[in-house]
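A short worksheet on the structure shown next.
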Amino acid sequence: MDILDPEMRDEAPAQPNYSRLRELIRADIIEGRLASGSRLKIAELAKRYESSAIPVREALHQLQGEGIVTFEPNRGARVRQIDDAFLRNIHEVRAVLEPYLIRWFVRHRSEKELEELIAAQREYDRGAETEGPEQWRHHNQRYHAICYEGHYNHEALVVAKRHNDLLQALAIRFPMSRSRVLQVCREHWQIIESIRAQDEDATAAIVAEHVRRAGQDLIERMLAASHSGLRRGHGPGRSQKDH
(Lines give C-alpha, C1' and ligand atoms only; values in the text may rest on other atoms or scores of the structure.)
Protein backbone atom coordinates (compact mmCIF):
# COMPACT_ATOMS: atom_id res chain seq x y z
CA MET A 1 0.00 0.00 0.00
CA ASP A 2 1.27 3.45 -0.89
CA ILE A 3 0.68 6.48 1.29
CA LEU A 4 0.40 9.49 -0.94
CA ASP A 5 2.93 12.26 -0.47
CA PRO A 6 1.23 15.44 0.80
CA GLU A 7 3.13 17.33 -1.91
CA MET A 8 1.09 15.41 -4.51
CA ARG A 9 -2.24 16.78 -3.23
CA ASP A 10 -2.39 19.46 -5.89
CA GLU A 11 -2.38 16.69 -8.50
CA ALA A 12 -5.31 14.84 -6.86
CA PRO A 13 -8.56 14.69 -8.81
CA ALA A 14 -11.42 16.88 -7.60
CA GLN A 15 -13.45 13.80 -6.63
CA PRO A 16 -11.09 11.21 -5.13
CA ASN A 17 -12.42 7.67 -5.06
CA TYR A 18 -13.02 5.95 -1.72
CA SER A 19 -9.70 4.14 -1.73
CA ARG A 20 -7.59 7.21 -2.51
CA LEU A 21 -9.53 9.34 -0.05
CA ARG A 22 -9.06 6.70 2.66
CA GLU A 23 -5.30 6.76 2.07
CA LEU A 24 -5.17 10.56 2.23
CA ILE A 25 -7.09 10.68 5.51
CA ARG A 26 -5.07 7.79 6.96
CA ALA A 27 -1.82 9.53 6.05
CA ASP A 28 -2.96 12.77 7.68
CA ILE A 29 -3.90 10.89 10.86
CA ILE A 30 -0.62 8.99 11.08
CA GLU A 31 1.45 12.10 10.33
CA GLY A 32 -0.45 14.10 12.97
CA ARG A 33 -2.05 16.58 10.57
CA LEU A 34 -5.38 15.31 11.91
CA ALA A 35 -4.64 15.21 15.63
CA SER A 36 -5.41 12.25 17.89
CA GLY A 37 -8.82 12.65 19.49
CA SER A 38 -9.94 15.42 17.13
CA ARG A 39 -13.41 15.57 15.60
CA LEU A 40 -13.69 14.58 11.95
CA LYS A 41 -16.41 16.75 10.42
CA ILE A 42 -17.69 15.57 7.06
CA ALA A 43 -18.07 19.05 5.58
CA GLU A 44 -14.59 20.15 6.64
CA LEU A 45 -12.98 16.98 5.28
CA ALA A 46 -14.88 17.28 2.00
CA LYS A 47 -13.49 20.79 1.57
CA ARG A 48 -10.00 19.72 2.63
CA TYR A 49 -9.82 16.91 0.07
CA GLU A 50 -11.92 18.61 -2.63
CA SER A 51 -14.50 15.89 -2.47
CA SER A 52 -18.20 15.50 -1.76
CA ALA A 53 -19.68 14.26 1.49
CA ILE A 54 -20.57 10.72 0.43
CA PRO A 55 -17.01 9.56 -0.41
CA VAL A 56 -15.72 11.15 2.81
CA ARG A 57 -18.33 9.33 4.88
CA GLU A 58 -17.50 6.02 3.16
CA ALA A 59 -13.75 6.55 3.68
CA LEU A 60 -14.31 7.24 7.39
CA HIS A 61 -16.34 4.06 7.78
CA GLN A 62 -13.53 2.10 6.09
CA LEU A 63 -11.02 3.66 8.49
CA GLN A 64 -13.30 2.73 11.37
CA GLY A 65 -12.84 -0.86 10.19
CA GLU A 66 -9.07 -0.37 10.49
CA GLY A 67 -9.51 0.97 14.02
CA ILE A 68 -8.05 4.45 13.57
CA VAL A 69 -11.39 6.27 13.37
CA THR A 70 -14.17 5.89 15.94
CA PHE A 71 -17.85 6.80 15.74
CA GLU A 72 -19.77 7.89 18.81
CA PRO A 73 -23.58 8.18 18.98
CA ASN A 74 -24.72 11.77 18.35
CA ARG A 75 -21.09 12.95 18.28
CA GLY A 76 -19.83 11.72 14.92
CA ALA A 77 -16.34 10.56 14.00
CA ARG A 78 -13.08 11.12 15.85
CA VAL A 79 -9.44 10.25 15.28
CA ARG A 80 -8.43 7.25 17.37
CA GLN A 81 -5.47 7.72 19.68
CA ILE A 82 -2.65 5.84 17.95
CA ASP A 83 -0.35 5.09 20.85
CA ASP A 84 1.65 2.24 22.32
CA ALA A 85 -1.43 0.73 24.01
CA PHE A 86 -3.34 0.66 20.71
CA LEU A 87 -0.44 -0.98 18.88
CA ARG A 88 0.08 -3.47 21.68
CA ASN A 89 -3.58 -4.50 21.43
CA ILE A 90 -3.33 -4.95 17.66
CA HIS A 91 -0.26 -7.15 17.98
CA GLU A 92 -1.86 -9.24 20.71
CA VAL A 93 -4.67 -9.99 18.25
CA ARG A 94 -2.17 -10.71 15.49
CA ALA A 95 -0.26 -13.07 17.79
CA VAL A 96 -3.42 -15.19 17.90
CA LEU A 97 -4.59 -14.72 14.31
CA GLU A 98 -1.36 -15.32 12.39
CA PRO A 99 -0.49 -18.61 14.10
CA TYR A 100 -4.03 -19.73 13.20
CA LEU A 101 -3.43 -18.78 9.56
CA ILE A 102 0.02 -20.36 9.34
CA ARG A 103 -1.22 -23.71 10.65
CA TRP A 104 -3.37 -24.04 7.53
CA PHE A 105 -0.37 -23.31 5.33
CA VAL A 106 1.79 -25.89 7.10
CA ARG A 107 -0.93 -28.49 6.69
CA HIS A 108 -1.87 -27.80 3.07
CA ARG A 109 1.10 -26.14 1.37
CA SER A 110 2.49 -27.67 -1.78
CA GLU A 111 6.16 -28.09 -2.63
CA LYS A 112 5.73 -25.33 -5.20
CA GLU A 113 4.43 -22.95 -2.54
CA LEU A 114 7.34 -23.82 -0.26
CA GLU A 115 9.75 -23.12 -3.13
CA GLU A 116 8.04 -19.78 -3.77
CA LEU A 117 8.38 -18.89 -0.09
CA ILE A 118 12.08 -19.78 -0.10
CA ALA A 119 12.65 -17.75 -3.28
CA ALA A 120 10.82 -14.76 -1.79
CA GLN A 121 12.95 -14.94 1.34
CA ARG A 122 16.18 -15.16 -0.66
CA GLU A 123 15.20 -11.94 -2.41
CA TYR A 124 14.46 -10.40 0.98
CA ASP A 125 17.91 -11.48 2.21
CA ARG A 126 19.58 -9.76 -0.74
CA GLY A 127 17.46 -6.65 -0.26
CA ALA A 128 18.22 -6.50 3.45
CA GLU A 129 21.85 -5.81 2.62
CA THR A 130 21.45 -3.45 -0.35
CA GLU A 131 17.95 -1.92 -0.38
CA GLY A 132 15.89 0.42 1.77
CA PRO A 133 12.59 0.56 3.71
CA GLU A 134 10.24 0.69 0.73
CA GLN A 135 11.72 -2.48 -0.78
CA TRP A 136 11.85 -4.17 2.63
CA ARG A 137 8.11 -3.61 3.06
CA HIS A 138 7.49 -5.13 -0.37
CA HIS A 139 9.55 -8.25 0.40
CA ASN A 140 7.88 -8.65 3.77
CA GLN A 141 4.38 -8.39 2.29
CA ARG A 142 5.19 -10.90 -0.43
CA TYR A 143 6.54 -13.42 2.09
CA HIS A 144 3.48 -13.27 4.30
CA ALA A 145 1.07 -13.21 1.36
CA ILE A 146 2.41 -16.60 0.26
CA CYS A 147 1.80 -17.95 3.77
CA TYR A 148 -1.70 -16.58 4.32
CA GLU A 149 -3.57 -15.69 1.15
CA GLY A 150 -4.61 -19.25 0.35
CA HIS A 151 -6.48 -19.65 3.64
CA TYR A 152 -10.17 -20.56 3.38
CA ASN A 153 -11.29 -18.20 6.17
CA HIS A 154 -12.06 -14.97 4.36
CA GLU A 155 -13.19 -13.17 7.52
CA ALA A 156 -9.87 -13.86 9.23
CA LEU A 157 -8.04 -12.55 6.17
CA VAL A 158 -10.12 -9.36 6.21
CA VAL A 159 -9.11 -8.67 9.82
CA ALA A 160 -5.47 -9.43 9.00
CA LYS A 161 -5.56 -7.05 6.02
CA ARG A 162 -7.07 -4.23 8.05
CA HIS A 163 -4.30 -4.49 10.60
CA ASN A 164 -1.68 -4.86 7.89
CA ASP A 165 -2.83 -1.71 6.05
CA LEU A 166 -2.46 0.35 9.21
CA LEU A 167 0.87 -1.17 10.19
CA GLN A 168 2.31 -0.71 6.70
CA ALA A 169 1.31 2.94 6.84
CA LEU A 170 3.02 3.32 10.22
CA ALA A 171 6.09 1.55 8.87
CA ILE A 172 6.42 4.29 6.26
CA ARG A 173 6.68 6.91 8.97
CA PHE A 174 8.69 4.76 11.37
CA PRO A 175 10.87 2.53 9.15
CA MET A 176 12.75 -0.48 10.46
CA SER A 177 16.48 -0.30 10.99
CA ARG A 178 18.70 -2.54 8.89
CA SER A 179 19.63 -4.53 11.98
CA ARG A 180 15.95 -5.24 12.65
CA VAL A 181 15.43 -6.24 9.00
CA LEU A 182 18.27 -8.74 9.28
CA GLN A 183 16.66 -10.14 12.43
CA VAL A 184 13.32 -10.44 10.57
CA CYS A 185 15.07 -12.41 7.85
CA ARG A 186 16.50 -14.82 10.41
CA GLU A 187 13.05 -15.27 11.94
CA HIS A 188 11.57 -15.91 8.49
CA TRP A 189 14.07 -18.72 7.88
CA GLN A 190 13.11 -20.27 11.21
CA ILE A 191 9.49 -20.24 10.05
CA ILE A 192 10.48 -21.81 6.73
CA GLU A 193 12.41 -24.62 8.40
CA SER A 194 9.48 -25.53 10.65
CA ILE A 195 7.11 -25.38 7.67
CA ARG A 196 9.46 -27.69 5.76
CA ALA A 197 9.34 -30.09 8.72
CA GLN A 198 5.52 -29.87 8.68
CA ASP A 199 5.52 -29.03 12.39
CA GLU A 200 2.37 -26.98 12.97
CA ASP A 201 2.93 -26.35 16.66
CA ALA A 202 6.51 -25.17 16.23
CA THR A 203 5.60 -22.96 13.29
CA ALA A 204 2.70 -21.39 15.15
CA ALA A 205 4.92 -20.68 18.17
CA ILE A 206 7.62 -19.08 16.03
CA VAL A 207 5.07 -16.91 14.20
CA ALA A 208 3.53 -15.76 17.50
CA GLU A 209 6.95 -14.71 18.78
CA HIS A 210 7.72 -13.07 15.42
CA VAL A 211 4.56 -10.95 15.76
CA ARG A 212 5.36 -9.97 19.35
CA ARG A 213 8.86 -8.84 18.38
CA ALA A 214 7.47 -6.88 15.44
CA GLY A 215 5.02 -5.12 17.73
CA GLN A 216 7.62 -4.27 20.33
CA ASP A 217 10.00 -2.94 17.68
CA LEU A 218 7.32 -0.71 16.13
CA ILE A 219 6.30 0.64 19.53
CA GLU A 220 9.93 1.44 20.37
CA ARG A 221 10.38 3.22 17.03
CA MET A 222 7.23 5.24 17.56
CA LEU A 223 8.15 6.25 21.11
CA ALA A 224 11.68 7.17 20.07
CA ALA A 225 10.31 9.42 17.32
CA SER A 226 7.84 10.96 19.78
CA HIS A 227 10.55 11.73 22.33
CA SER A 228 12.77 13.14 19.60
CA GLY A 229 9.95 15.41 18.45
CA LEU A 230 9.31 16.65 21.98
CA ARG A 231 13.01 17.45 22.40
CA ARG A 232 12.80 19.54 19.21
CA GLY A 233 9.87 21.42 20.68
CA HIS A 234 6.98 19.83 18.78
CA GLY A 235 3.76 19.04 20.60
CA PRO A 236 2.74 15.43 21.14
CA GLY A 237 -0.02 15.72 18.54
CA ARG A 238 2.59 16.07 15.80
CA SER A 239 4.72 13.19 16.98
CA GLN A 240 2.18 10.48 17.68
CA LYS A 241 2.75 7.72 16.21
CA ASP A 242 6.13 -5.23 10.49
CA HIS A 243 6.34 -8.07 10.46
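Ordering of the C-alpha coordinates sets the chain letters (A, B, ...); residue numbers start at 1 within each chain; ligands are numbered from 1 in the order shown.
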Spatial neighbours of Arg109 in chain A, max dist 10 Å, only C-alpha atoms, sep filter under 6 positions, as a PyMOL selection string: chain A and resi 102-103+146-147+150+195-196+198
Among range 44-86 of chain A, which ones does DSSP place in strand (DSSP E or B), written as an NGL selection string? :A and (69-72 or 76-79)
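The residue that comes closest to Ala128 in chain A, out of A:Ser226, A:Gln183, A:Asn89, A:Asn164 and on the basis of only C-alpha atoms, is A:Gln183.
Taking only C-alpha atoms into account, Lys161 in chain A lies nearest to A:Arg94 out of the set A:Leu114, A:Arg94, A:Ile219, A:Arg212.
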Would you list, as a ChimeraX atom specification, the residues of range 38-172 of chain A that end up in helix (DSSP H, G or I) under DSSP run on this structure's backbone? /A:42-48,53-66,84-108,111-130,133-148,154-172
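With only C-alpha atoms as the basis for measurement, A:Glu66 is the residue among A:Glu66, A:Glu123, A:Asp28, A:Glu50 that approaches His163 in chain A most closely.
Checking A:Arg178, A:Arg142, A:Lys112, A:Arg173 one by one against Arg26 in chain A, counting only C-alpha atoms, you find the shortest gap at A:Arg173.
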Set the distance at 7 Å and use only C-alpha atoms: which residues neighbour Ser38 in chain A once local chain neighbours fewer than 3 positions away are removed? I'd like the list as a short mmCIF file (atom, residue, chain, number, x, y, z; two decimals) with N, CA and C atoms, in the first residue's frame.
data_model
loop_
_atom_site.label_atom_id
_atom_site.label_comp_id
_atom_site.auth_asym_id
_atom_site.auth_seq_id
_atom_site.Cartn_x
_atom_site.Cartn_y
_atom_site.Cartn_z
N LEU A 34 -4.07 15.43 11.25
CA LEU A 34 -5.38 15.31 11.91
C LEU A 34 -5.08 14.73 13.29
N ALA A 35 -5.17 15.56 14.31
CA ALA A 35 -4.64 15.21 15.63
C ALA A 35 -5.44 14.11 16.30
N ARG A 78 -14.28 10.55 15.24
CA ARG A 78 -13.08 11.12 15.85
C ARG A 78 -11.87 10.30 15.43
N VAL A 79 -10.70 10.95 15.51
CA VAL A 79 -9.44 10.25 15.28
C VAL A 79 -9.14 9.40 16.51
#
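Minimum distance to Ala119 in chain A across A:Arg75, A:His188, A:His154, A:Arg180 (counting only C-alpha atoms) occurs at A:His188.
The smallest atom-to-atom distance between Arg122 in chain A and any of A:Ala77, A:Val96, A:Leu101, A:Ile192, using only C-alpha atoms, is found for A:Ile192.
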